[in-house]
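**Student:** This is the content of model_3.cif (mmCIF, C-alpha atoms):
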```
data_my_file
loop_
_atom_site.group_PDB
_atom_site.id
_atom_site.type_symbol
_atom_site.label_atom_id
_atom_site.label_comp_id
_atom_site.auth_asym_id
_atom_site.auth_seq_id
_atom_site.Cartn_x
_atom_site.Cartn_y
_atom_site.Cartn_z
ATOM 1 C CA MET A 173 0.000 0.000 0.000
ATOM 2 C CA SER A 174 1.311 3.393 -0.987
ATOM 3 C CA ASP A 175 1.919 6.025 1.641
ATOM 4 C CA ALA A 176 1.350 8.863 -0.790
ATOM 5 C CA HIS A 177 -1.264 11.200 0.631
ATOM 6 C CA GLU A 178 -1.924 12.689 -2.765
ATOM 7 C CA VAL A 179 -2.517 10.754 -5.982
ATOM 8 C CA ALA A 180 -2.292 12.333 -9.438
ATOM 9 C CA THR A 181 -4.607 11.129 -12.196
ATOM 10 C CA GLU A 182 -3.863 12.074 -15.800
ATOM 11 C CA LEU A 183 -6.643 12.818 -18.277
ATOM 12 C CA ARG A 184 -6.904 14.295 -21.728
ATOM 13 C CA VAL A 185 -9.867 16.548 -22.519
ATOM 14 C CA ARG A 186 -12.301 14.879 -24.890
ATOM 15 C CA TYR A 187 -14.303 16.858 -27.440
ATOM 16 C CA ALA A 188 -17.468 15.430 -25.871
ATOM 17 C CA GLU A 189 -16.608 17.268 -22.656
ATOM 18 C CA THR A 190 -16.491 20.721 -24.239
ATOM 19 C CA ASP A 191 -19.463 23.028 -24.756
ATOM 20 C CA ALA A 192 -20.416 25.935 -27.010
ATOM 21 C CA GLN A 193 -18.006 28.204 -25.111
ATOM 22 C CA GLY A 194 -15.159 26.010 -26.371
ATOM 23 C CA ILE A 195 -14.319 24.928 -22.833
ATOM 24 C CA VAL A 196 -15.016 21.935 -20.643
ATOM 25 C CA ASN A 197 -18.564 22.160 -19.272
ATOM 26 C CA ASP A 198 -18.698 22.568 -15.489
ATOM 27 C CA ALA A 199 -20.651 19.347 -14.924
ATOM 28 C CA ASN A 200 -17.857 17.259 -16.434
ATOM 29 C CA TYR A 201 -15.438 18.150 -13.648
ATOM 30 C CA PHE A 202 -17.525 15.928 -11.379
ATOM 31 C CA VAL A 203 -16.905 13.042 -13.763
ATOM 32 C CA TRP A 204 -13.169 13.810 -13.650
ATOM 33 C CA PHE A 205 -13.399 13.745 -9.857
ATOM 34 C CA GLU A 206 -14.945 10.291 -10.153
ATOM 35 C CA VAL A 207 -12.097 9.031 -12.309
ATOM 36 C CA ALA A 208 -9.618 10.523 -9.853
ATOM 37 C CA ARG A 209 -11.507 9.089 -6.861
ATOM 38 C CA VAL A 210 -11.510 5.536 -8.209
ATOM 39 C CA ASN A 211 -7.838 5.912 -9.056
ATOM 40 C CA TYR A 212 -7.070 7.276 -5.598
ATOM 41 C CA LEU A 213 -8.772 4.327 -3.915
ATOM 42 C CA LYS A 214 -6.819 1.932 -6.132
ATOM 43 C CA ALA A 215 -3.597 3.558 -4.974
ATOM 44 C CA LEU A 216 -4.733 2.759 -1.436
ATOM 45 C CA GLY A 217 -5.334 -0.861 -2.475
ATOM 46 C CA LEU A 218 -9.115 -0.512 -2.614
ATOM 47 C CA ASN A 219 -10.833 -1.621 -5.803
ATOM 48 C CA TYR A 220 -14.271 0.026 -5.905
ATOM 49 C CA ALA A 221 -15.790 -2.527 -8.292
ATOM 50 C CA GLU A 222 -14.765 -5.330 -5.924
ATOM 51 C CA LEU A 223 -16.147 -3.378 -2.986
ATOM 52 C CA GLU A 224 -19.551 -3.202 -4.696
ATOM 53 C CA ARG A 225 -19.419 -6.899 -5.552
ATOM 54 C CA SER A 226 -18.929 -7.562 -1.844
ATOM 55 C CA GLY A 227 -22.240 -5.801 -1.154
ATOM 56 C CA LEU A 228 -20.866 -2.422 -0.042
ATOM 57 C CA GLY A 229 -20.542 0.891 -1.723
ATOM 58 C CA PHE A 230 -20.728 4.591 -1.192
ATOM 59 C CA VAL A 231 -22.920 7.337 -2.562
ATOM 60 C CA ILE A 232 -22.095 10.988 -3.133
ATOM 61 C CA ALA A 233 -23.804 13.136 -0.515
ATOM 62 C CA GLU A 234 -22.181 16.443 -1.441
ATOM 63 C CA ALA A 235 -20.069 17.746 -4.269
ATOM 64 C CA SER A 236 -18.649 21.167 -4.967
ATOM 65 C CA CYS A 237 -16.225 22.806 -7.331
ATOM 66 C CA ARG A 238 -14.640 26.219 -7.816
ATOM 67 C CA TYR A 239 -13.545 27.066 -11.318
ATOM 68 C CA TYR A 240 -10.537 29.348 -11.839
ATOM 69 C CA ALA A 241 -9.593 28.889 -15.474
ATOM 70 C CA PRO A 242 -11.035 26.883 -18.353
ATOM 71 C CA ALA A 243 -9.800 23.627 -19.887
ATOM 72 C CA HIS A 244 -9.918 23.073 -23.654
ATOM 73 C CA PHE A 245 -10.063 20.122 -26.020
ATOM 74 C CA ASP A 246 -7.002 17.865 -26.068
ATOM 75 C CA GLU A 247 -5.281 19.544 -23.134
ATOM 76 C CA ALA A 248 -3.475 17.263 -20.722
ATOM 77 C CA ILE A 249 -5.020 17.487 -17.266
ATOM 78 C CA ILE A 250 -3.901 16.247 -13.879
ATOM 79 C CA VAL A 251 -6.399 15.755 -11.080
ATOM 80 C CA LYS A 252 -4.686 15.585 -7.688
ATOM 81 C CA THR A 253 -6.719 13.815 -5.022
ATOM 82 C CA TRP A 254 -6.409 13.497 -1.277
ATOM 83 C CA VAL A 255 -8.431 12.500 1.785
ATOM 84 C CA GLU A 256 -9.694 15.574 3.586
ATOM 85 C CA GLU A 257 -11.838 14.185 6.377
ATOM 86 C CA VAL A 258 -12.848 10.804 7.774
ATOM 87 C CA LYS A 259 -15.961 10.288 9.870
ATOM 88 C CA ASN A 260 -17.854 7.235 11.053
ATOM 89 C CA ARG A 261 -19.986 6.786 7.921
ATOM 90 C CA SER A 262 -18.567 9.311 5.521
ATOM 91 C CA PHE A 263 -15.308 10.574 4.150
ATOM 92 C CA SER A 264 -14.363 13.639 2.108
ATOM 93 C CA LEU A 265 -11.951 13.846 -0.748
ATOM 94 C CA GLY A 266 -10.340 17.011 -2.053
ATOM 95 C CA TYR A 267 -9.339 17.566 -5.668
ATOM 96 C CA GLN A 268 -7.213 19.978 -7.602
ATOM 97 C CA VAL A 269 -7.403 20.144 -11.385
ATOM 98 C CA VAL A 270 -4.203 21.333 -13.025
ATOM 99 C CA ASN A 271 -3.203 21.974 -16.630
ATOM 100 C CA GLN A 272 -0.275 19.609 -17.034
ATOM 101 C CA ASP A 273 1.699 21.752 -19.495
ATOM 102 C CA SER A 274 1.326 25.177 -17.897
ATOM 103 C CA GLY A 275 0.968 23.984 -14.315
ATOM 104 C CA GLN A 276 -1.976 26.365 -13.917
ATOM 105 C CA ALA A 277 -4.614 25.379 -11.353
ATOM 106 C CA LEU A 278 -7.967 25.220 -13.149
ATOM 107 C CA ALA A 279 -10.306 24.135 -10.381
ATOM 108 C CA THR A 280 -10.540 22.769 -6.882
ATOM 109 C CA GLY A 281 -13.274 20.572 -5.542
ATOM 110 C CA LYS A 282 -14.580 18.389 -2.790
ATOM 111 C CA THR A 283 -16.897 15.400 -2.559
ATOM 112 C CA VAL A 284 -18.423 13.755 0.495
ATOM 113 C CA GLN A 285 -19.120 10.031 0.256
ATOM 114 C CA VAL A 286 -21.375 8.032 2.549
ATOM 115 C CA PHE A 287 -20.893 4.285 2.861
ATOM 116 C CA VAL A 288 -24.044 2.240 2.236
ATOM 117 C CA ASP A 289 -25.029 -1.417 2.259
ATOM 118 C CA ALA A 290 -26.626 -3.217 -0.684
ATOM 119 C CA SER A 291 -30.025 -1.731 0.158
ATOM 120 C CA GLY A 292 -28.636 1.798 0.211
ATOM 121 C CA ARG A 293 -28.725 2.242 3.992
ATOM 122 C CA PRO A 294 -25.851 4.240 5.504
ATOM 123 C CA ILE A 295 -23.367 2.072 7.401
ATOM 124 C CA PRO A 296 -20.122 2.737 9.257
ATOM 125 C CA ILE A 297 -17.028 2.712 7.059
ATOM 126 C CA PRO A 298 -15.411 -0.736 7.435
ATOM 127 C CA ALA A 299 -12.632 -0.379 10.020
ATOM 128 C CA GLN A 300 -9.812 -1.397 7.703
ATOM 129 C CA ILE A 301 -10.837 1.145 5.083
ATOM 130 C CA ARG A 302 -11.359 3.886 7.654
ATOM 131 C CA ASP A 303 -7.927 3.251 9.114
ATOM 132 C CA SER A 304 -6.403 3.461 5.693
ATOM 133 C CA PHE A 305 -8.155 6.786 4.985
ATOM 134 C CA ALA A 306 -7.088 8.150 8.360
ATOM 135 C CA ARG A 307 -3.486 7.100 7.740
ATOM 136 C CA HIS A 308 -3.391 8.775 4.342
ATOM 137 C CA LYS A 309 -5.274 11.903 5.307
ATOM 138 C CA ARG A 310 -3.536 15.026 4.173
ATOM 139 C CA ALA A 311 -2.160 16.874 7.157
ATOM 140 C CA MET B 1058 -42.233 43.331 -6.398
ATOM 141 C CA ALA B 1059 -42.911 42.512 -10.027
ATOM 142 C CA GLY B 1060 -41.484 39.624 -11.992
ATOM 143 C CA THR B 1061 -41.093 35.909 -11.590
ATOM 144 C CA ALA B 1062 -39.746 34.600 -8.313
ATOM 145 C CA SER B 1063 -38.536 31.307 -9.696
ATOM 146 C CA ALA B 1064 -38.660 29.010 -12.668
ATOM 147 C CA GLU B 1065 -39.556 25.367 -12.749
ATOM 148 C CA VAL B 1066 -39.008 22.604 -15.237
ATOM 149 C CA THR B 1067 -40.276 19.056 -15.049
ATOM 150 C CA LEU B 1068 -37.930 16.452 -16.445
ATOM 151 C CA ARG B 1069 -38.437 12.739 -16.868
ATOM 152 C CA VAL B 1070 -35.338 10.767 -15.913
ATOM 153 C CA ARG B 1071 -33.721 9.235 -18.964
ATOM 154 C CA TYR B 1072 -32.055 5.831 -18.842
ATOM 155 C CA ALA B 1073 -28.849 7.479 -20.031
ATOM 156 C CA GLU B 1074 -28.810 9.577 -16.853
ATOM 157 C CA THR B 1075 -28.780 6.569 -14.522
ATOM 158 C CA ASP B 1076 -25.711 4.657 -13.447
ATOM 159 C CA ALA B 1077 -24.840 1.134 -12.288
ATOM 160 C CA MET B 1078 -26.429 1.809 -8.887
ATOM 161 C CA GLY B 1079 -29.775 2.283 -10.623
ATOM 162 C CA VAL B 1080 -29.984 5.965 -9.713
ATOM 163 C CA VAL B 1081 -29.309 9.243 -11.485
ATOM 164 C CA TYR B 1082 -25.565 9.911 -11.613
ATOM 165 C CA HIS B 1083 -24.763 12.906 -9.410
ATOM 166 C CA ALA B 1084 -23.111 15.013 -12.118
ATOM 167 C CA ASN B 1085 -26.331 14.951 -14.136
ATOM 168 C CA TYR B 1086 -28.095 17.119 -11.574
ATOM 169 C CA LEU B 1087 -25.807 19.948 -12.627
ATOM 170 C CA ILE B 1088 -27.200 19.661 -16.128
ATOM 171 C CA TRP B 1089 -30.737 19.704 -14.713
ATOM 172 C CA PHE B 1090 -29.799 22.846 -12.784
ATOM 173 C CA GLU B 1091 -28.665 24.352 -16.063
ATOM 174 C CA VAL B 1092 -32.022 23.555 -17.685
ATOM 175 C CA ALA B 1093 -33.848 25.292 -14.820
ATOM 176 C CA ARG B 1094 -31.413 28.219 -15.028
ATOM 177 C CA GLY B 1095 -32.196 28.653 -18.727
ATOM 178 C CA GLU B 1096 -35.896 28.630 -17.890
ATOM 179 C CA LEU B 1097 -35.339 31.272 -15.213
ATOM 180 C CA PHE B 1098 -33.705 33.556 -17.766
ATOM 181 C CA SER B 1099 -36.560 32.988 -20.190
ATOM 182 C CA GLN B 1100 -39.172 33.683 -17.542
ATOM 183 C CA CYS B 1101 -37.389 36.866 -16.532
ATOM 184 C CA GLY B 1102 -38.069 37.930 -20.094
ATOM 185 C CA THR B 1103 -34.777 37.341 -21.871
ATOM 186 C CA ASP B 1104 -33.122 34.126 -23.022
ATOM 187 C CA TYR B 1105 -29.525 33.631 -21.933
ATOM 188 C CA THR B 1106 -28.564 33.583 -25.626
ATOM 189 C CA HIS B 1107 -29.642 37.222 -25.846
ATOM 190 C CA TRP B 1108 -26.991 38.245 -23.322
ATOM 191 C CA GLU B 1109 -24.277 36.310 -25.111
ATOM 192 C CA LYS B 1110 -25.216 38.127 -28.312
ATOM 193 C CA GLN B 1111 -24.808 41.398 -26.384
ATOM 194 C CA GLY B 1112 -21.316 40.248 -25.376
ATOM 195 C CA TYR B 1113 -22.068 39.272 -21.782
ATOM 196 C CA TYR B 1114 -21.371 35.813 -20.464
ATOM 197 C CA LEU B 1115 -22.147 34.277 -17.101
ATOM 198 C CA PRO B 1116 -19.775 31.353 -16.671
ATOM 199 C CA VAL B 1117 -20.137 29.156 -13.603
ATOM 200 C CA THR B 1118 -17.327 29.952 -11.177
ATOM 201 C CA GLU B 1119 -18.558 27.850 -8.305
ATOM 202 C CA ILE B 1120 -21.026 25.031 -7.917
ATOM 203 C CA SER B 1121 -22.225 22.963 -5.011
ATOM 204 C CA ALA B 1122 -24.828 20.276 -4.573
ATOM 205 C CA ARG B 1123 -26.193 18.204 -1.723
ATOM 206 C CA TYR B 1124 -27.823 14.901 -2.542
ATOM 207 C CA LEU B 1125 -30.589 13.777 -0.224
ATOM 208 C CA ALA B 1126 -32.442 10.996 -2.025
ATOM 209 C CA PRO B 1127 -31.972 9.235 -5.340
ATOM 210 C CA ALA B 1128 -33.983 9.693 -8.539
ATOM 211 C CA ARG B 1129 -34.603 6.664 -10.746
ATOM 212 C CA TYR B 1130 -35.369 5.968 -14.372
ATOM 213 C CA SER B 1131 -38.711 7.393 -15.556
ATOM 214 C CA ASP B 1132 -39.298 9.439 -12.376
ATOM 215 C CA ASP B 1133 -40.706 12.901 -12.990
ATOM 216 C CA VAL B 1134 -38.458 15.431 -11.329
ATOM 217 C CA VAL B 1135 -39.331 19.080 -10.784
ATOM 218 C CA VAL B 1136 -36.248 21.291 -10.840
ATOM 219 C CA ARG B 1137 -36.667 24.829 -9.556
ATOM 220 C CA ALA B 1138 -34.181 27.668 -9.929
ATOM 221 C CA TRP B 1139 -34.283 31.058 -8.277
ATOM 222 C CA LEU B 1140 -32.058 34.040 -7.704
ATOM 223 C CA ASP B 1141 -30.306 33.784 -4.354
ATOM 224 C CA SER B 1142 -28.324 37.029 -4.369
ATOM 225 C CA PHE B 1143 -26.336 39.287 -6.606
ATOM 226 C CA ARG B 1144 -23.532 41.791 -6.469
ATOM 227 C CA SER B 1145 -22.189 44.178 -9.056
ATOM 228 C CA ARG B 1146 -20.339 41.473 -11.034
ATOM 229 C CA GLN B 1147 -21.716 38.274 -9.634
ATOM 230 C CA ILE B 1148 -24.996 36.423 -9.305
ATOM 231 C CA VAL B 1149 -25.819 33.424 -7.144
ATOM 232 C CA LEU B 1150 -28.603 31.074 -8.157
ATOM 233 C CA ALA B 1151 -30.143 28.359 -6.001
ATOM 234 C CA TYR B 1152 -31.803 25.145 -7.074
ATOM 235 C CA GLU B 1153 -33.760 22.230 -5.804
ATOM 236 C CA ALA B 1154 -34.879 19.004 -7.413
ATOM 237 C CA ARG B 1155 -37.977 17.252 -6.089
ATOM 238 C CA ASP B 1156 -39.803 14.079 -6.963
ATOM 239 C CA ARG B 1157 -42.985 15.323 -8.598
ATOM 240 C CA GLN B 1158 -45.154 12.545 -7.233
ATOM 241 C CA THR B 1159 -44.034 12.577 -3.592
ATOM 242 C CA GLY B 1160 -42.669 16.088 -3.305
ATOM 243 C CA GLN B 1161 -39.541 14.636 -1.697
ATOM 244 C CA LEU B 1162 -36.454 16.811 -1.915
ATOM 245 C CA LEU B 1163 -33.818 14.926 -3.927
ATOM 246 C CA ALA B 1164 -31.075 17.489 -4.232
ATOM 247 C CA ALA B 1165 -30.317 21.137 -3.570
ATOM 248 C CA GLY B 1166 -27.588 23.278 -5.018
ATOM 249 C CA LYS B 1167 -26.121 26.672 -5.804
ATOM 250 C CA THR B 1168 -24.160 28.161 -8.645
ATOM 251 C CA VAL B 1169 -22.116 31.341 -8.642
ATOM 252 C CA HIS B 1170 -21.710 33.202 -11.926
ATOM 253 C CA VAL B 1171 -19.409 36.059 -12.751
ATOM 254 C CA CYS B 1172 -20.362 38.416 -15.549
ATOM 255 C CA VAL B 1173 -17.581 38.564 -18.152
ATOM 256 C CA ASN B 1174 -17.194 40.234 -21.546
ATOM 257 C CA CYS B 1175 -16.016 38.480 -24.715
ATOM 258 C CA GLN B 1176 -12.383 38.952 -23.631
ATOM 259 C CA GLY B 1177 -13.216 36.979 -20.520
ATOM 260 C CA ARG B 1178 -12.728 40.005 -18.249
ATOM 261 C CA ALA B 1179 -15.086 40.399 -15.276
ATOM 262 C CA VAL B 1180 -17.446 43.337 -15.850
ATOM 263 C CA PRO B 1181 -20.398 44.805 -13.944
ATOM 264 C CA ILE B 1182 -23.730 43.165 -14.731
ATOM 265 C CA PRO B 1183 -25.375 45.456 -17.339
ATOM 266 C CA ALA B 1184 -28.195 47.614 -15.972
ATOM 267 C CA ASP B 1185 -30.928 46.004 -18.058
ATOM 268 C CA MET B 1186 -29.946 42.496 -16.908
ATOM 269 C CA ARG B 1187 -29.791 43.772 -13.370
ATOM 270 C CA ALA B 1188 -33.288 45.204 -13.647
ATOM 271 C CA LEU B 1189 -34.645 41.807 -14.675
ATOM 272 C CA PHE B 1190 -32.973 40.108 -11.735
ATOM 273 C CA GLU B 1191 -34.107 42.752 -9.296
ATOM 274 C CA GLY B 1192 -37.664 42.060 -10.346
ATOM 275 C CA SER B 1193 -37.167 38.362 -9.724
ATOM 276 C CA LEU B 1194 -35.445 38.406 -6.339
ATOM 277 C CA GLU B 1195 -37.256 35.995 -4.060
ATOM 278 C CA THR B 1196 -38.162 37.641 -0.783
#
```
Now that the file is in, can you turn its structure into structure tokens?
**Tutor:**
Amino acid sequence: MSDAHEVATELRVRYAETDAQGIVNDANYFVWFEVARVNYLKALGLNYAELERSGLGFVIAEASCRYYAPAHFDEAIIVKTWVEEVKNRSFSLGYQVVNQDSGQALATGKTVQVFVDASGRPIPIPAQIRDSFARHKRA
Amino acid sequence: MAGTASAEVTLRVRYAETDAMGVVYHANYLIWFEVARGELFSQCGTDYTHWEKQGYYLPVTEISARYLAPARYSDDVVVRAWLDSFRSRQIVLAYEARDRQTGQLLAAGKTVHVCVNCQGRAVPIPADMRALFEGSLET
């Protein structure tokens, strides 16, 4: 298991993600956060697909994003991801979207996830996973 | 106070908007918010396109959403948008999505928009746009 408290996910802007302004539509940043989130968990040794197959999962309870500068088609993007907060049933992840070539920060965001069982009821985060989040939490 | 306090659209959940959990994917609510926002502009008397033709743009600089209950395929969802507040260069809109049948609140959100000109520079909201918003401020 990696000790890195921040994981970088690389993306390239797809045409489908742009809008009439010629920039990535705001809603698509949440999809980038998802890609980064799944990647982050993998870096911690947690495969989300396997988690769901075991009858557990988490749902998004809150999501937010601040946009500083636009992203355009074919630009190389890095989404940095870290654990911000760990509670009994929920955990928060923070994100920073950066243009890989210029290094410019394009957006920052946060999502709150709540663990649920197969019927969608909130449950405590399994101890092993919570410990791992707590260990990797960004100081 | 004259004008429309809020705008409402009713959407029927499309299969394409659902995900593997059987519920509407969280990022899609942002697109629903956009639909309600467009309706708000129209109801205030001027389509958003009109302002772009005048050289004024209102890009989203901040977005947040809280998810309270899931929406599922074929549900009718009422999405309401209203003006939360505005300053000289910025407007804040608020949203909620409710199940039409039960009235249950599914999600609530806010977007912050900064008025920019075609060079992308922040400019004061033009007086005529301001007048429309002033008439629609929910009290």
**Student:** Using the chain letters and numbers from this file, what does the PyMOL selection byres ((chain B) within 9 of (chain A)) select? Give the answer as a PyMOL selection string.
**Tutor:** chain B and resi 1083-1088+1116-1125
**Student:** Just so the selection is clear, what residues does the PyMOL selection byres ((chain A and resi 296) around 12) cover here, as a list in words?
**Tutor:** Leu228, Gly229, Phe230, Val258, Lys259, Asn260, Arg261, Ser262, Phe263, Gln285, Val286, Phe287, Val288, Asp289, Arg293, Pro294, Ile295, Ile297, Pro298, Ala299, Gln300, Ile301 and Arg302 of chain A
**Student:** Tell me, as number ranges by chain, which residues lie within 6 Å of range 1170-1178 of chain B, counting only C-alpha atoms; anything in the same chain fewer than 6 positions away does not count.
**Tutor:** B: 1112-1118, 1146-1148
**Student:** Name the residues in contact with Ala180 in chain A at a cut-off of 8 Å, using only C-alpha atoms, excluding same-chain residues fewer than 2 positions from it; report them as a list of chain:residue names.
**Tutor:** A:Glu178, A:Glu182, A:Ala208, A:Tyr212, A:Ile250, A:Val251, A:Lys252, A:Thr253
**Student:** Translate the PyMOL selection byres ((chain B and resi 1089) around 10), as applied to the file shown, into an explicit residue set as a PyMOL selection string.
**Tutor:** chain B and resi 1066-1068+1084-1088+1090-1095+1134-1138+1152-1154
**Student:** Output the selection as a compact mmCIF listing (two decimals), keeping the file's coordinate frame - C-alpha atoms for each residue.
**Tutor:**
```txt
# COMPACT_ATOMS: atom_id res chain seq x y z
CA VAL B 1066 -39.01 22.60 -15.24
CA THR B 1067 -40.28 19.06 -15.05
CA LEU B 1068 -37.93 16.45 -16.44
CA ALA B 1084 -23.11 15.01 -12.12
CA ASN B 1085 -26.33 14.95 -14.14
CA TYR B 1086 -28.10 17.12 -11.57
CA LEU B 1087 -25.81 19.95 -12.63
CA ILE B 1088 -27.20 19.66 -16.13
CA PHE B 1090 -29.80 22.85 -12.78
CA GLU B 1091 -28.66 24.35 -16.06
CA VAL B 1092 -32.02 23.56 -17.68
CA ALA B 1093 -33.85 25.29 -14.82
CA ARG B 1094 -31.41 28.22 -15.03
CA GLY B 1095 -32.20 28.65 -18.73
CA VAL B 1134 -38.46 15.43 -11.33
CA VAL B 1135 -39.33 19.08 -10.78
CA VAL B 1136 -36.25 21.29 -10.84
CA ARG B 1137 -36.67 24.83 -9.56
CA ALA B 1138 -34.18 27.67 -9.93
CA TYR B 1152 -31.80 25.14 -7.07
CA GLU B 1153 -33.76 22.23 -5.80
CA ALA B 1154 -34.88 19.00 -7.41
```
**Student:** How many Å lie between CA of Tyr1130 in chain B and CA of Arg1155 in chain B, rounded to one decimal?
**Tutor:**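 One can read the CA of Tyr1130 in chain B to CA of Arg1155 in chain B distance as 14.2 Å.
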**Student:** For Tyr267 in chain A, which of A:Ala306, A:Ala311, A:Ala188, A:Val207 is the closest residue, counting only C-alpha atoms?
**Tutor:** A:Val207
**Student:** Pick out the closest residue to Arg186 in chain A from this set: A:Ala221, A:His244, A:Val270, A:Gln276. Count only C-alpha atoms.
**Tutor:**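 Of A:Ala221, A:His244, A:Val270, A:Gln276, the one nearest Arg186 in chain A, counting only C-alpha atoms, is A:His244.
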